[in-house]
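Below: final_27.cif (mmCIF, C-alpha atoms)
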```
data_my_file
loop_
_atom_site.group_PDB
_atom_site.id
_atom_site.type_symbol
_atom_site.label_atom_id
_atom_site.label_comp_id
_atom_site.auth_asym_id
_atom_site.auth_seq_id
_atom_site.Cartn_x
_atom_site.Cartn_y
_atom_site.Cartn_z
ATOM 1 C CA MET N 234 -6.980 11.761 -31.884
ATOM 2 C CA THR N 235 -4.563 13.616 -29.614
ATOM 3 C CA ALA N 236 -6.067 15.194 -26.523
ATOM 4 C CA THR N 237 -5.889 18.965 -26.235
ATOM 5 C CA ARG N 238 -3.759 20.618 -23.566
ATOM 6 C CA ALA N 239 -6.886 21.568 -21.612
ATOM 7 C CA VAL N 240 -8.101 17.975 -21.597
ATOM 8 C CA LYS N 241 -4.676 16.789 -20.384
ATOM 9 C CA TYR N 242 -4.728 19.305 -17.554
ATOM 10 C CA LEU N 243 -8.239 18.242 -16.577
ATOM 11 C CA SER N 244 -7.206 14.596 -16.565
ATOM 12 C CA ARG N 245 -4.235 15.466 -14.349
ATOM 13 C CA ILE N 246 -6.453 17.351 -11.914
ATOM 14 C CA LEU N 247 -8.896 14.427 -11.861
ATOM 15 C CA PHE N 248 -6.090 11.947 -11.229
ATOM 16 C CA PHE N 249 -4.527 13.974 -8.414
ATOM 17 C CA CYS N 250 -7.844 14.652 -6.689
ATOM 18 C CA ALA N 251 -9.032 11.030 -6.959
ATOM 19 C CA VAL N 252 -5.832 9.552 -5.535
ATOM 20 C CA PHE N 253 -5.411 12.268 -2.915
ATOM 21 C CA PHE N 254 -8.981 11.849 -1.701
ATOM 22 C CA THR N 255 -8.891 8.057 -1.435
ATOM 23 C CA ALA N 256 -5.367 7.944 0.020
ATOM 24 C CA VAL N 257 -5.530 10.835 2.475
ATOM 25 C CA CYS N 258 -9.128 11.745 3.286
ATOM 26 C CA PHE N 259 -10.804 8.446 4.154
ATOM 27 C CA CYS N 260 -10.578 8.962 7.897
ATOM 28 C CA GLU N 261 -12.001 6.384 10.288
ATOM 29 C CA THR N 262 -14.015 8.097 12.991
ATOM 30 C CA TRP N 263 -17.531 7.890 14.317
ATOM 31 C CA ARG N 264 -18.526 11.159 12.698
ATOM 32 C CA GLN N 265 -21.394 11.191 10.230
ATOM 33 C CA PRO N 266 -20.147 12.446 6.832
ATOM 34 C CA PHE N 267 -19.494 9.632 4.380
ATOM 35 C CA PHE N 268 -15.732 9.841 3.987
ATOM 36 C CA ILE N 269 -15.162 9.771 7.744
ATOM 37 C CA ASN N 270 -17.944 7.336 8.653
ATOM 38 C CA PHE N 271 -16.690 4.054 10.088
ATOM 39 C CA ASN N 272 -19.748 2.136 8.829
ATOM 40 C CA TYR N 273 -18.743 2.543 5.178
ATOM 41 C CA LYS N 274 -15.344 0.822 5.422
ATOM 42 C CA ALA N 275 -16.210 -1.921 2.893
ATOM 43 C CA LEU N 276 -17.456 0.575 0.316
ATOM 44 C CA LYS N 277 -14.459 2.801 0.896
ATOM 45 C CA PHE N 278 -12.180 -0.183 0.352
ATOM 46 C CA ILE N 279 -13.799 -0.695 -3.062
ATOM 47 C CA LEU N 280 -13.553 2.996 -3.915
ATOM 48 C CA CYS N 281 -9.864 3.013 -2.954
ATOM 49 C CA VAL N 282 -9.340 0.599 -5.817
ATOM 50 C CA ILE N 283 -11.878 1.832 -8.371
ATOM 51 C CA LEU N 284 -11.363 5.605 -8.203
ATOM 52 C CA PRO N 285 -7.541 5.621 -8.498
ATOM 53 C CA SER N 286 -7.639 2.928 -11.190
ATOM 54 C CA ALA N 287 -10.255 4.794 -13.236
ATOM 55 C CA ALA N 288 -8.384 8.105 -12.896
ATOM 56 C CA THR N 289 -5.162 6.354 -13.953
ATOM 57 C CA LEU N 290 -6.801 4.936 -17.063
ATOM 58 C CA ILE N 291 -8.349 8.291 -17.985
ATOM 59 C CA ASN N 292 -5.043 10.134 -17.590
ATOM 60 C CA TYR N 293 -3.213 7.563 -19.673
ATOM 61 C CA LEU N 294 -5.795 7.744 -22.448
ATOM 62 C CA CYS N 295 -5.313 11.521 -22.525
ATOM 63 C CA GLU N 296 -1.507 11.612 -22.293
ATOM 64 C CA LYS N 297 -0.349 8.168 -23.492
ATOM 65 C CA SER N 298 2.292 8.412 -20.795
ATOM 66 C CA PHE N 299 2.812 7.381 -17.171
ATOM 67 C CA VAL N 300 5.333 10.095 -16.319
ATOM 68 C CA TYR N 301 2.943 12.543 -14.651
ATOM 69 C CA MET N 302 1.322 9.810 -12.584
ATOM 70 C CA GLY N 303 4.684 8.737 -11.162
ATOM 71 C CA ARG N 304 5.505 12.261 -10.025
ATOM 72 C CA ALA N 305 1.990 12.828 -8.686
ATOM 73 C CA CYS N 306 2.054 9.616 -6.641
ATOM 74 C CA ALA N 307 5.403 10.587 -5.141
ATOM 75 C CA VAL N 308 3.928 13.929 -4.079
ATOM 76 C CA ILE N 309 0.729 12.382 -2.708
ATOM 77 C CA SER N 310 2.699 9.766 -0.767
ATOM 78 C CA THR N 311 4.720 12.518 0.862
ATOM 79 C CA LEU N 312 1.580 14.526 1.611
ATOM 80 C CA PHE N 313 0.020 11.432 3.141
ATOM 81 C CA CYS N 314 2.807 11.306 5.724
ATOM 82 C CA LEU N 315 2.961 15.039 6.382
ATOM 83 C CA LEU N 316 -0.789 15.591 6.674
ATOM 84 C CA TYR N 317 -1.171 12.535 8.877
ATOM 85 C CA ILE N 318 1.368 13.972 11.307
ATOM 86 C CA ILE N 319 -0.207 17.437 11.193
ATOM 87 C CA ASP N 320 -3.748 16.169 11.733
ATOM 88 C CA ASN N 321 -2.688 13.824 14.487
ATOM 89 C CA ARG N 322 -0.709 16.514 16.297
ATOM 90 C CA PHE N 323 -2.839 19.587 15.817
ATOM 91 C CA ILE N 324 -6.311 18.724 14.567
ATOM 92 C CA GLY N 325 -7.058 15.151 15.576
ATOM 93 C CA TYR N 326 -9.400 14.187 12.745
ATOM 94 C CA ILE N 327 -7.312 11.258 11.531
ATOM 95 C CA ALA N 328 -5.452 9.417 14.253
ATOM 96 C CA CYS N 329 -7.014 10.175 17.622
ATOM 97 C CA PHE N 330 -9.989 7.819 17.669
ATOM 98 C CA GLY N 331 -8.537 4.395 18.443
ATOM 99 C CA ASP N 332 -6.000 2.030 16.954
ATOM 100 C CA PHE N 333 -8.591 -0.086 15.167
ATOM 101 C CA MET N 334 -9.819 2.837 13.090
ATOM 102 C CA ILE N 335 -6.280 4.091 12.445
ATOM 103 C CA ILE N 336 -5.340 0.785 10.833
ATOM 104 C CA PHE N 337 -8.179 1.134 8.334
ATOM 105 C CA HIS N 338 -7.143 4.653 7.446
ATOM 106 C CA LEU N 339 -3.558 3.550 6.815
ATOM 107 C CA ALA N 340 -4.809 0.635 4.710
ATOM 108 C CA TYR N 341 -6.905 2.954 2.552
ATOM 109 C CA GLY N 342 -3.862 5.067 1.771
ATOM 110 C CA LEU N 343 -1.636 2.128 0.833
ATOM 111 C CA ILE N 344 -4.326 0.455 -1.277
ATOM 112 C CA SER N 345 -5.141 3.660 -3.127
ATOM 113 C CA ILE N 346 -1.547 4.433 -4.085
ATOM 114 C CA PHE N 347 -0.709 0.817 -4.917
ATOM 115 C CA SER N 348 -3.806 0.556 -7.132
ATOM 116 C CA VAL N 349 -2.250 3.186 -9.391
ATOM 117 C CA PHE N 350 0.899 1.097 -9.740
ATOM 118 C CA LEU N 351 -1.026 -2.068 -10.546
ATOM 119 C CA THR N 352 -3.178 -0.267 -13.118
ATOM 120 C CA CYS N 353 -0.170 1.317 -14.818
ATOM 121 C CA THR N 354 1.592 -2.041 -14.882
ATOM 122 C CA MET N 355 -1.425 -3.709 -16.475
ATOM 123 C CA ILE N 356 -1.691 -0.948 -19.091
ATOM 124 C CA LYS N 357 2.007 -1.286 -19.876
ATOM 125 C CA TYR N 358 1.650 -5.053 -20.150
ATOM 126 C CA PHE N 359 -1.078 -4.741 -22.787
ATOM 127 C CA SER N 360 0.446 -1.762 -24.649
ATOM 128 C CA ARG N 361 2.841 -4.059 -26.549
ATOM 129 C CA GLY N 362 6.066 -2.122 -26.091
ATOM 130 C CA LYS N 363 4.776 1.366 -26.860
ATOM 131 C CA GLU N 364 6.960 4.177 -25.567
ATOM 132 C CA ASN N 365 5.051 5.593 -22.603
ATOM 133 C CA GLY N 366 7.598 6.333 -19.880
ATOM 134 C CA TYR N 367 6.925 3.328 -17.654
ATOM 135 C CA GLY N 368 10.550 3.213 -16.474
ATOM 136 C CA LYS N 369 10.404 6.861 -15.385
ATOM 137 C CA PHE N 370 7.073 6.244 -13.686
ATOM 138 C CA TYR N 371 8.533 3.209 -11.870
ATOM 139 C CA ASN N 372 11.444 5.216 -10.462
ATOM 140 C CA ASP N 373 9.426 8.258 -9.395
ATOM 141 C CA TYR N 374 6.567 6.229 -7.984
ATOM 142 C CA PHE N 375 8.654 4.128 -5.627
ATOM 143 C CA MET N 376 10.665 7.092 -4.372
ATOM 144 C CA GLY N 377 7.441 8.277 -2.749
ATOM 145 C CA PHE N 378 5.872 4.915 -2.009
ATOM 146 C CA ALA N 379 8.939 3.706 -0.094
ATOM 147 C CA VAL N 380 8.624 6.688 2.250
ATOM 148 C CA MET N 381 4.918 6.025 2.715
ATOM 149 C CA LEU N 382 5.453 2.316 3.351
ATOM 150 C CA ALA N 383 8.175 2.973 5.939
ATOM 151 C CA PHE N 384 6.004 5.607 7.608
ATOM 152 C CA VAL N 385 3.060 3.232 7.925
ATOM 153 C CA PHE N 386 5.323 0.480 9.272
ATOM 154 C CA VAL N 387 6.654 2.772 12.000
ATOM 155 C CA LEU N 388 3.132 3.834 12.938
ATOM 156 C CA ILE N 389 1.828 0.281 13.165
ATOM 157 C CA TYR N 390 4.734 -1.300 15.004
ATOM 158 C CA PHE N 391 6.095 1.533 17.133
ATOM 159 C CA VAL N 392 3.600 4.380 17.542
ATOM 160 C CA ILE N 393 0.112 2.966 17.954
ATOM 161 C CA ARG N 394 1.179 -0.333 19.554
ATOM 162 C CA ASP N 395 0.768 -0.710 23.315
ATOM 163 C CA TYR N 396 4.086 -1.485 25.009
ATOM 164 C CA SER N 397 2.772 -1.216 28.543
ATOM 165 C CA GLY N 398 2.175 -4.944 28.864
ATOM 166 C CA GLU N 399 -1.400 -4.366 30.056
ATOM 167 C CA ARG N 400 -2.931 -5.857 26.907
ATOM 168 C CA GLY N 401 -1.211 -9.194 27.413
ATOM 169 C CA TYR N 402 0.415 -11.310 24.759
ATOM 170 C CA THR N 403 0.418 -14.778 23.257
ATOM 171 C CA LEU N 404 3.146 -16.940 21.765
ATOM 172 C CA ASN N 405 2.643 -19.572 19.060
ATOM 173 C CA LEU N 406 5.609 -21.438 17.583
ATOM 174 C CA VAL N 407 3.602 -24.200 15.889
ATOM 175 C CA PRO N 408 2.796 -23.530 12.213
ATOM 176 C CA PHE N 409 -0.900 -23.365 11.333
ATOM 177 C CA CYS N 410 -1.975 -23.419 14.963
ATOM 178 C CA GLY N 411 -2.479 -19.661 15.266
ATOM 179 C CA GLU N 412 -4.549 -17.348 13.073
ATOM 180 C CA LEU N 413 -4.010 -19.486 9.963
ATOM 181 C CA GLY N 414 -5.177 -22.574 11.829
ATOM 182 C CA GLU N 415 -8.308 -20.763 12.998
ATOM 183 C CA MET N 416 -9.056 -19.651 9.438
ATOM 184 C CA PHE N 417 -8.607 -23.149 8.020
ATOM 185 C CA ASN N 418 -10.859 -24.580 10.745
ATOM 186 C CA GLY N 419 -13.514 -21.946 10.185
ATOM 187 C CA LYS N 420 -13.076 -20.522 13.678
ATOM 188 C CA GLY N 421 -11.397 -17.267 12.744
ATOM 189 C CA SER N 422 -13.192 -13.943 12.959
ATOM 190 C CA MET N 423 -13.661 -11.500 10.106
ATOM 191 C CA LEU N 424 -11.168 -9.167 11.769
ATOM 192 C CA SER N 425 -8.616 -11.976 11.908
ATOM 193 C CA ALA N 426 -9.151 -12.706 8.200
ATOM 194 C CA LEU N 427 -8.762 -9.044 7.321
ATOM 195 C CA ARG N 428 -5.570 -8.838 9.362
ATOM 196 C CA THR N 429 -4.156 -11.883 7.575
ATOM 197 C CA VAL N 430 -5.000 -10.515 4.142
ATOM 198 C CA GLY N 431 -3.579 -7.159 5.184
ATOM 199 C CA ASN N 432 -0.294 -8.762 6.230
ATOM 200 C CA VAL N 433 0.026 -10.484 2.858
ATOM 201 C CA MET N 434 -0.739 -7.279 0.942
ATOM 202 C CA PHE N 435 1.603 -5.158 3.059
ATOM 203 C CA TYR N 436 4.557 -7.484 2.617
ATOM 204 C CA THR N 437 3.786 -7.898 -1.080
ATOM 205 C CA ALA N 438 4.068 -4.134 -1.443
ATOM 206 C CA MET N 439 7.238 -4.159 0.661
ATOM 207 C CA ALA N 440 8.852 -6.835 -1.525
ATOM 208 C CA VAL N 441 8.033 -4.982 -4.744
ATOM 209 C CA THR N 442 9.443 -1.793 -3.232
ATOM 210 C CA VAL N 443 12.669 -3.481 -2.116
ATOM 211 C CA THR N 444 13.264 -4.834 -5.620
ATOM 212 C CA ARG N 445 13.191 -1.272 -6.905
ATOM 213 C CA PHE N 446 16.110 -0.206 -4.691
ATOM 214 C CA ALA N 447 18.166 -3.415 -4.709
ATOM 215 C CA ARG N 448 21.052 -2.919 -7.148
ATOM 216 C CA LYS N 449 22.140 -6.565 -6.966
ATOM 217 C CA GLN N 450 20.017 -9.694 -6.607
ATOM 218 C CA PRO N 451 16.662 -7.845 -6.349
ATOM 219 C CA VAL N 452 14.698 -11.099 -6.119
ATOM 220 C CA ILE N 453 16.755 -12.391 -3.195
ATOM 221 C CA CYS N 454 16.608 -8.997 -1.479
ATOM 222 C CA GLY N 455 12.870 -8.838 -2.134
ATOM 223 C CA VAL N 456 12.390 -11.976 -0.051
ATOM 224 C CA ALA N 457 15.191 -11.610 2.497
ATOM 225 C CA PHE N 458 14.460 -8.045 3.635
ATOM 226 C CA PRO N 459 10.713 -8.497 4.332
ATOM 227 C CA CYS N 460 11.412 -11.806 6.066
ATOM 228 C CA ALA N 461 14.038 -10.175 8.284
ATOM 229 C CA VAL N 462 11.634 -7.338 9.120
ATOM 230 C CA SER N 463 8.842 -9.803 9.871
ATOM 231 C CA LEU N 464 11.062 -11.955 12.080
ATOM 232 C CA LEU N 465 12.276 -8.889 13.960
ATOM 233 C CA SER N 466 8.752 -7.585 14.521
ATOM 234 C CA GLU N 467 7.523 -10.948 15.847
ATOM 235 C CA ALA N 468 10.556 -11.223 18.135
ATOM 236 C CA LEU N 469 9.983 -7.702 19.463
ATOM 237 C CA GLN N 470 6.350 -8.502 20.203
ATOM 238 C CA TYR N 471 7.469 -11.444 22.325
ATOM 239 C CA VAL N 472 10.373 -9.711 24.078
ATOM 240 C CA LEU N 473 8.423 -6.535 24.791
ATOM 241 C CA LYS N 474 5.172 -8.404 25.456
ATOM 242 C CA CYS N 475 3.212 -6.052 23.243
ATOM 243 C CA GLY N 476 1.244 -8.339 20.932
ATOM 244 C CA ASP N 477 0.791 -11.793 19.517
ATOM 245 C CA ALA N 478 4.077 -13.400 18.501
ATOM 246 C CA ASP N 479 2.785 -15.952 16.017
ATOM 247 C CA VAL N 480 4.713 -18.073 13.524
ATOM 248 C CA ASP N 481 1.584 -17.969 11.348
ATOM 249 C CA ASP N 482 2.128 -14.228 10.954
ATOM 250 C CA PHE N 483 5.629 -14.920 9.708
ATOM 251 C CA ILE N 484 4.223 -17.458 7.227
ATOM 252 C CA THR N 485 1.683 -14.987 5.839
ATOM 253 C CA ASN N 486 4.343 -12.285 5.625
ATOM 254 C CA LEU N 487 6.606 -14.711 3.767
ATOM 255 C CA LEU N 488 3.790 -15.491 1.352
ATOM 256 C CA GLY N 489 3.352 -11.772 0.756
ATOM 257 C CA ALA N 490 7.074 -11.345 0.065
ATOM 258 C CA LEU N 491 7.076 -14.296 -2.344
ATOM 259 C CA LEU N 492 4.064 -12.856 -4.154
ATOM 260 C CA GLY N 493 5.864 -9.521 -4.438
ATOM 261 C CA VAL N 494 8.993 -10.996 -6.023
ATOM 262 C CA ILE N 495 6.849 -13.083 -8.390
ATOM 263 C CA ILE N 496 5.141 -9.885 -9.530
ATOM 264 C CA TYR N 497 8.557 -8.268 -10.016
ATOM 265 C CA LYS N 498 10.246 -11.215 -11.711
ATOM 266 C CA PHE N 499 7.539 -12.171 -14.164
ATOM 267 C CA ILE N 500 5.720 -8.889 -14.770
ATOM 268 C CA ILE N 501 7.663 -5.775 -13.770
ATOM 269 C CA TYR N 502 11.185 -6.826 -14.780
ATOM 270 C CA PRO N 503 10.171 -7.863 -18.324
ATOM 271 C CA LEU N 504 8.275 -4.591 -18.738
ATOM 272 C CA LEU N 505 11.245 -2.502 -17.588
ATOM 273 C CA ASN N 506 13.494 -4.282 -20.070
ATOM 274 C CA GLN N 507 10.963 -4.370 -22.867
ATOM 275 C CA LYS N 508 12.165 -2.859 -26.125
ATOM 276 C CA GLU N 509 9.914 0.094 -26.708
ATOM 277 C CA ASN N 510 8.684 1.329 -30.053
ATOM 278 C CA THR N 511 6.759 4.341 -31.179
ATOM 279 C CA VAL N 512 4.340 2.527 -33.449
#
```

As a first step, turn the structure in this file into structure tokens.
Amino acid sequence: MTATRAVKYLSRILFFCAVFFTAVCFCETWRQPFFINFNYKALKFILCVILPSAATLINYLCEKSFVYMGRACAVISTLFCLLYIIDNRFIGYIACFGDFMIIFHLAYGLISIFSVFLTCTMIKYFSRGKENGYGKFYNDYFMGFAVMLAFVFVLIYFVIRDYSGERGYTLNLVPFCGELGEMFNGKGSMLSALRTVGNVMFYTAMAVTVTRFARKQPVICGVAFPCAVSLLSEALQYVLKCGDADVDDFITNLLGALLGVIIYKFIIYPLLNQKENTV
């Protein structure tokens, strides 16, 4: 049964609100309300996956198309950047309460938006070639997500990082003797584990994004570009003495890039070139 126009509009409103809320409004401060309470970070992480995924599924069931969701994600990604700047500059509810909490807020936004992409890709994979505008969604989605990803990268590596040299720095050039070694030996902290997982996820998203814009050899570009960025960031941390230059970080970033190109090569690329039918 085809959904009525009113139901489609309601599903669109639900989708936009769910993704906007989880991507933009999960601020990390010490204030008491739920969505800006630091103590609920684990639950908010789960909601950043569940709410966007559920809203994506509902909208698809109503419209049988991904086109709206691609455009909406591009808009939300842009709003994420703009509202972050506005709040940081004029209001201070998002980015003025410490680097540690800022990182979580940025992670919520990336996870929320990327959850939509993963859900749409899974739906397309199981839809057996039905015509549902996945190619259009793919193009629109990454136009916005690329901006968001670049914005977050600049914030993490250039804006909220301390370049004064007061924090101190470490250098590790021996593989599996840094954070990865601590994790394997059971000596790593939960924060260290989260940072490692975050690096993998971030560079996975970066690799998938690069494949979208690479006109030639997307798989090679999907590995080479993130690796170059990772190597540059580690080198800058050492030269500027602003962090922990660790070969283990490069290894985890490389793993993330490889995971991203695997997702593209064996899942996304076949779906984009899948012969669609209207049955």

Considering all atoms listed in the file, can you say which of N:Tyr341, N:Tyr497, N:Tyr367, N:Phe386 comes closest to Thr437 in chain N?
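Of N:Tyr341, N:Tyr497, N:Tyr367, N:Phe386, the one nearest Thr437 in chain N is N:Tyr497, counting all atoms listed in the file.
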
Expressed in Å to a single decimal, how great is the separation between CA of Tyr317 in chain N and CA of Cys281 in chain N?
17.5 Å

Could you state the separation of CA of Lys369 in chain N and CA of Val300 in chain N in Å, given to one decimal place?
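CA of Val300 in chain N lies 6.1 Å from CA of Lys369 in chain N.
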
Expansion of the PyMOL selection byres ((chain N and resi 439) around 10) into residues, as a list in words:
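On the file shown, the PyMOL selection byres ((chain N and resi 439) around 10) covers Phe378, Ala379, Leu382, Ala383, Phe386, Val433, Met434, Phe435, Tyr436, Thr437, Ala438, Ala440, Val441, Thr442, Val443, Thr444, Gly455, Val456, Phe458, Pro459, Asn486, Gly489, Ala490, Gly493 and Val494 of chain N.
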
Please save C-alpha atoms of the selected residues as a compact mmCIF listing (two decimals), in the frame of the given file.
```txt
# COMPACT_ATOMS: atom_id res chain seq x y z
CA PHE N 378 5.87 4.92 -2.01
CA ALA N 379 8.94 3.71 -0.09
CA LEU N 382 5.45 2.32 3.35
CA ALA N 383 8.18 2.97 5.94
CA PHE N 386 5.32 0.48 9.27
CA VAL N 433 0.03 -10.48 2.86
CA MET N 434 -0.74 -7.28 0.94
CA PHE N 435 1.60 -5.16 3.06
CA TYR N 436 4.56 -7.48 2.62
CA THR N 437 3.79 -7.90 -1.08
CA ALA N 438 4.07 -4.13 -1.44
CA ALA N 440 8.85 -6.84 -1.52
CA VAL N 441 8.03 -4.98 -4.74
CA THR N 442 9.44 -1.79 -3.23
CA VAL N 443 12.67 -3.48 -2.12
CA THR N 444 13.26 -4.83 -5.62
CA GLY N 455 12.87 -8.84 -2.13
CA VAL N 456 12.39 -11.98 -0.05
CA PHE N 458 14.46 -8.04 3.64
CA PRO N 459 10.71 -8.50 4.33
CA ASN N 486 4.34 -12.28 5.62
CA GLY N 489 3.35 -11.77 0.76
CA ALA N 490 7.07 -11.34 0.06
CA GLY N 493 5.86 -9.52 -4.44
CA VAL N 494 8.99 -11.00 -6.02
```

Check the smallest atom-to-atom distance from each of N:Ile484, N:Val462, N:Val472, N:Ile453 to Lys498 in chain N using only C-alpha atoms, then report the winner.
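Counting only C-alpha atoms, the residue closest to Lys498 in chain N is N:Ile453.
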
Out of N:Val252, N:Leu504, N:Cys258, N:Ala305, which residue has the shortest atom-to-atom distance to Ile283 in chain N when counting only C-alpha atoms?
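With only C-alpha atoms as the atom set, the closest residue is N:Val252.
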
Just to confirm, what's the straight-line distance from CA of Asp482 in chain N to CA of Phe313 in chain N in Å (one decimal)?
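Going from CA of Asp482 in chain N over to CA of Phe313 in chain N covers 26.9 Å.
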
Mind working out the centre and edge lengths of an axis-aligned box for range 494-508 of chain N, all listed atoms inside, 8 Å added to each side, rounded to one decimal in Å and written as lines of an AutoDock Vina configuration file?
```
center_x = 9.3
center_y = -7.8
center_z = -16.1
size_x = 24.4
size_y = 26.6
size_z = 36.1
```

Answer key for the PyMOL selection byres ((chain N and resi 343-350) around 8), residues as a list in words:
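Checking the PyMOL selection byres ((chain N and resi 343-350) around 8) against this file, the residues are Val252, Thr255, Ala256, Cys281, Val282, Pro285, Ser286, Thr289, Cys306, Ser310, Leu339, Ala340, Tyr341, Gly342, Leu351, Thr352, Cys353, Thr354, Tyr374, Phe378, Met381, Leu382 and Ala438 of chain N.
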
Might you spell out which residues the PyMOL selection byres ((chain N and resi 236) around 12) would select in the displayed file, as a PyMOL selection string?
chain N and resi 234-235+237-244+291-297

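Among N:Leu315, N:Leu488, N:Ile335, N:Leu276, the residue with the shortest atom-to-atom distance to Val392 in chain N, counting only C-alpha atoms, is N:Ile335.
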
Just give me the residues with any atom within 9 Å of (13.1, -1.0, -17.5), file coordinates, counting all atoms listed in the file, written as a compact mmCIF listing (two decimals) with C-alpha atoms, in the frame of the given file.
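Result went into selection13.txt, see below:
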```txt
# COMPACT_ATOMS: atom_id res chain seq x y z
CA TYR N 367 6.92 3.33 -17.65
CA GLY N 368 10.55 3.21 -16.47
CA LYS N 369 10.40 6.86 -15.38
CA TYR N 371 8.53 3.21 -11.87
CA ILE N 501 7.66 -5.78 -13.77
CA TYR N 502 11.18 -6.83 -14.78
CA PRO N 503 10.17 -7.86 -18.32
CA LEU N 504 8.28 -4.59 -18.74
CA LEU N 505 11.24 -2.50 -17.59
CA ASN N 506 13.49 -4.28 -20.07
CA GLN N 507 10.96 -4.37 -22.87
CA LYS N 508 12.16 -2.86 -26.12
```

Just checking: using all atoms listed in the file, which residue out of N:Ala307, N:Leu312, N:Met302, N:Ile495 ends up closest to Phe254 in chain N?
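With all atoms listed in the file as the atom set, the closest residue is N:Leu312.
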